[in-house]
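One file, target00.cif, is given below (mmCIF, C-alpha atoms).
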data_protein
#
loop_
_atom_site.label_atom_id
_atom_site.label_comp_id
_atom_site.auth_asym_id
_atom_site.auth_seq_id
_atom_site.Cartn_x
_atom_site.Cartn_y
_atom_site.Cartn_z
CA MET F 1 84.46 141.97 122.28
CA THR F 2 80.90 141.14 121.22
CA ASN F 3 77.99 142.44 123.23
CA TYR F 4 75.38 139.75 123.58
CA TYR F 5 71.73 140.65 123.28
CA ALA F 6 68.45 138.85 123.63
CA LEU F 7 67.65 136.79 120.55
CA PRO F 8 64.39 137.97 118.94
CA TYR F 9 62.80 134.50 118.80
CA PHE F 10 59.66 135.27 120.76
CA GLU F 11 59.04 138.63 119.10
CA LEU F 12 59.49 137.16 115.63
CA GLN F 13 57.28 134.18 116.44
CA GLN F 14 54.55 136.57 117.61
CA VAL F 15 54.72 138.48 114.32
CA ILE F 16 54.68 135.23 112.31
CA TYR F 17 51.60 134.05 114.23
CA GLN F 18 49.82 137.38 113.68
CA LYS F 19 50.60 137.31 109.95
CA LEU F 20 49.29 133.75 109.62
CA ILE F 21 46.00 134.35 111.47
CA ALA F 22 45.48 137.53 109.45
CA CYS F 23 45.83 135.61 106.18
CA GLU F 24 42.28 135.05 104.96
CA ALA F 25 43.35 132.49 102.33
CA LEU F 26 44.87 130.38 105.11
CA THR F 27 42.23 130.76 107.81
CA THR F 28 39.48 129.96 105.28
CA ILE F 29 41.06 126.50 105.00
CA THR F 30 42.00 125.96 108.67
CA ARG F 31 39.17 127.71 110.58
CA LYS F 32 37.23 125.46 112.93
CA ASP F 33 35.08 128.16 114.56
CA ASP F 34 35.25 131.90 115.30
CA GLU F 35 37.86 131.35 118.01
CA ASP F 36 40.04 128.64 116.49
CA LEU F 37 41.80 129.74 113.31
CA GLY F 38 43.91 126.56 113.08
CA VAL F 39 47.31 128.23 113.63
CA TYR F 40 49.33 127.06 116.64
CA ASP F 41 52.74 127.43 118.18
CA ALA F 42 52.25 124.21 120.15
CA ILE F 43 50.19 121.15 119.26
CA ASP F 44 49.36 117.79 120.78
CA GLU F 45 47.87 114.53 119.49
CA ASN F 46 44.34 115.95 119.86
CA THR F 47 44.87 118.98 117.60
CA PRO F 48 42.16 118.77 114.92
CA TYR F 49 43.08 118.79 111.22
CA PRO F 50 43.72 120.91 109.22
CA TYR F 51 46.20 123.12 111.03
CA VAL F 52 49.44 125.08 110.83
CA ALA F 53 52.17 124.76 113.45
CA ILE F 54 55.06 127.17 113.96
CA SER F 55 58.12 125.09 114.86
CA GLU F 56 61.07 126.04 117.01
CA PRO F 57 63.56 128.51 115.55
CA TYR F 58 67.27 128.16 115.12
CA SER F 59 69.78 130.85 114.36
CA SER F 60 73.34 131.74 113.57
CA PRO F 61 75.15 135.03 114.15
CA PHE F 62 75.98 137.33 111.29
CA ASP F 63 77.56 140.10 113.38
CA THR F 64 79.71 142.86 111.99
CA LYS F 65 82.03 145.28 113.77
CA THR F 66 79.25 147.84 114.00
CA SER F 67 76.03 145.85 114.36
CA ASN F 68 74.51 142.69 115.78
CA ILE F 69 72.75 140.69 113.10
CA GLU F 70 71.23 137.24 113.51
CA THR F 71 69.99 134.85 110.85
CA VAL F 72 66.85 133.24 112.33
CA THR F 73 65.09 130.32 110.63
CA PHE F 74 61.55 129.17 111.35
CA THR F 75 59.85 126.09 109.92
CA ILE F 76 56.12 126.32 109.30
CA ASN F 77 54.34 122.95 109.19
CA THR F 78 50.93 122.44 107.62
CA TRP F 79 48.81 119.35 108.21
CA TRP F 80 45.82 118.08 106.27
CA LYS F 81 43.97 114.79 106.67
CA ASP F 82 41.94 113.49 103.76
CA ASN F 83 41.69 109.98 102.38
CA ASP F 84 41.48 111.44 98.87
CA GLU F 85 45.11 111.67 97.68
CA TYR F 86 44.34 114.41 95.14
CA SER F 87 42.36 116.77 97.36
CA GLY F 88 44.69 116.21 100.31
CA LYS F 89 47.75 117.26 98.34
CA ARG F 90 45.90 120.14 96.69
CA LYS F 91 44.75 121.55 100.05
CA THR F 92 48.25 121.15 101.50
CA TYR F 93 49.68 123.05 98.51
CA GLU F 94 47.10 125.80 99.07
CA MET F 95 48.01 126.03 102.77
CA LEU F 96 51.75 126.29 101.97
CA SER F 97 51.11 128.96 99.32
CA ALA F 98 48.99 131.01 101.73
CA CYS F 99 51.66 130.76 104.44
CA GLN F 100 54.35 131.82 101.99
CA GLN F 101 52.34 134.81 100.78
CA ALA F 102 51.65 135.93 104.34
CA LEU F 103 55.23 135.55 105.56
CA MET F 104 57.20 136.90 102.59
CA ALA F 105 55.65 140.37 102.93
CA GLN F 106 58.24 142.85 104.20
CA ASN F 107 56.11 144.67 106.80
CA TYR F 108 57.50 143.13 110.00
CA VAL F 109 57.40 145.34 113.10
CA MET F 110 59.18 144.12 116.24
CA PRO F 111 60.38 145.97 119.32
CA GLY F 112 64.17 146.18 119.46
CA ALA F 113 64.77 144.47 116.13
CA LYS F 114 64.52 145.13 112.41
CA VAL F 115 63.97 142.52 109.69
CA LEU F 116 66.57 143.18 107.00
CA SER F 117 65.59 140.35 104.65
CA ILE F 118 63.28 137.35 104.27
CA THR F 119 64.24 134.28 102.25
CA ARG F 120 62.24 131.15 101.48
CA ARG F 121 64.73 128.35 101.99
CA GLU F 122 62.60 125.32 101.21
CA SER F 123 59.08 124.02 100.80
CA ARG F 124 57.80 120.50 100.27
CA VAL F 125 54.86 118.18 100.89
CA ILE F 126 55.34 114.69 102.25
CA ASP F 127 53.10 111.80 103.20
CA ASP F 128 52.88 111.44 106.95
CA ASN F 129 53.06 108.04 108.68
CA SER F 130 49.33 108.25 109.40
CA PRO F 131 47.10 107.21 106.49
CA GLY F 132 45.62 110.14 104.58
CA VAL F 133 47.74 112.79 106.31
CA LYS F 134 49.74 115.25 104.21
CA HIS F 135 52.49 117.31 105.82
CA GLY F 136 53.60 120.57 104.22
CA ILE F 137 56.91 122.13 105.25
CA LEU F 138 57.93 125.73 104.62
CA VAL F 139 61.32 126.99 105.82
CA ILE F 140 61.68 130.77 106.06
CA GLN F 141 64.91 132.53 107.00
CA TYR F 142 65.04 136.05 108.43
CA LYS F 143 68.03 138.32 108.75
CA ILE F 144 67.37 140.37 111.90
CA GLN F 145 69.31 143.36 113.17
CA ASN F 146 69.27 144.29 116.82
CA VAL F 147 68.39 148.00 117.08
#
Show me this structure written as structure tokens.
Amino acid sequence: MTNYYALPYFELQQVIYQKLIACEALTTITRKDDEDLGVYDAIDENTPYPYVAISEPYSSPFDTKTSNIETVTFTINTWWKDNDEYSGKRKTYEMLSACQQALMAQNYVMPGAKVLSITRRESRVIDDNSPGVKHGILVIQYKIQNV
């Protein structure tokens, strides 16, 4: 019989947020003022460009007989608005690269859980429905063990 445990969504999202706001390459692009670093876990239609949004996670179990392991996937979305096609894409690429560098580092510390591995599943840039808006998408998958 499997013992169910609390999924580490919130704890992992907190660490992801901290890593992103600590990434100078990213906050140099997204900073609006000393308080607003342009990284959010929730946005609305008034969120000013450019910004990074941490989307909802999804997971699947990877349990063994002796341990509880969960594969948790987060999507990181970057948004840039610029009527110049070239600079808009370039800035979106820079934002995705900075997010990837910040999140692929192995130094994750979470209470009650250990990150066993980090895998970049996908990244892409698409044109949004709004004119001049570029949307970057980075999908990161974590293998987490309940400790």
What are the nearest atom pairs, with distances in Å to one decimal, for all residues of range 5-91 of chain F that come at most 10 Å from range 114-133 of chain F, using all atoms listed in the file, set out by chain and rising residue number as a tab-separated table?
residue	atom	partner	partner_atom	distance
F:Pro8	CA	F:Lys114	CA	9.7
F:Leu12	CA	F:Val115	CA	9.2
F:Tyr49	CA	F:Val133	CA	9.0
F:Pro50	CA	F:Val133	CA	9.5
F:Ile69	CA	F:Leu116	CA	9.0
F:Glu70	CA	F:Val115	CA	9.8
F:Thr71	CA	F:Ser117	CA	9.4
F:Val72	CA	F:Ile118	CA	9.7
F:Thr73	CA	F:Arg121	CA	8.9
F:Phe74	CA	F:Arg121	CA	9.9
F:Thr75	CA	F:Glu122	CA	9.2
F:Ile76	CA	F:Ser123	CA	9.3
F:Asn77	CA	F:Val125	CA	9.6
F:Thr78	CA	F:Val125	CA	8.9
F:Trp79	CA	F:Val133	CA	6.9
F:Trp80	CA	F:Val133	CA	5.6
F:Lys81	CA	F:Val133	CA	4.3
F:Asp82	CA	F:Gly132	CA	5.0
F:Asn83	CA	F:Gly132	CA	4.5
F:Asp84	CA	F:Gly132	CA	7.2
F:Glu85	CA	F:Gly132	CA	7.1
F:Gly88	CA	F:Gly132	CA	7.5
F:Lys89	CA	F:Val125	CA	7.6
Enter the distance from CA of Leu26 in chain F to CA of Met95 in chain F, in Å, rounded to one decimal.
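Pair CA of Leu26 in chain F / CA of Met95 in chain F returns 5.9 Å.
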Smallest atom-to-atom distance to Tyr86 in chain F: which of F:Val147, F:Asn68, F:Lys134, F:Cys99, using only C-alpha atoms?
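Once distances to Tyr86 in chain F are computed over only C-alpha atoms, the minimum belongs to F:Lys134.
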Quick one: residues within 12 Å of Gln14 in chain F, only C-alpha atoms counted, chain neighbours fewer than 2 positions away excluded, as a PyMOL selection string?
chain F and resi 8-12+16-21+39-41+54+74+108-111
Residue with smallest distance to Phe62 in chain F - pool F:Lys32, F:Lys143, F:Arg90, F:His135, counting only C-alpha atoms
F:Lys143
Between CA of Pro57 in chain F and CA of Ile140 in chain F - distance in Å to one decimal
9.9 Å
Atom-to-atom span, CA of Ala113 in chain F and CA of Ser67 in chain F, Å
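Straight-line distance from CA of Ala113 in chain F to CA of Ser67 in chain F works out to 11.5 Å.
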Using only C-alpha atoms, can you tell me which of F:Gln100, F:Asn146, F:Gln106, F:Ser59 comes closest to Ala25 in chain F?
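Ranking F:Gln100, F:Asn146, F:Gln106, F:Ser59 by distance to Ala25 in chain F, first place goes to F:Gln100.
Each of F:Leu37, F:Leu96, F:Ile29, F:Leu103 was checked against Gln13 in chain F using only C-alpha atoms; the smallest atom-to-atom distance is that of F:Leu103.
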May I have the centre and edge lengths, in Å to one decimal, of an axis-aligned box around the listed atoms of range 103-108 of chain F with 4 Å added to every side, as lines of an AutoDock Vina configuration file?
center_x = 56.7
center_y = 140.1
center_z = 106.3
size_x = 11.0
size_y = 17.1
size_z = 15.4
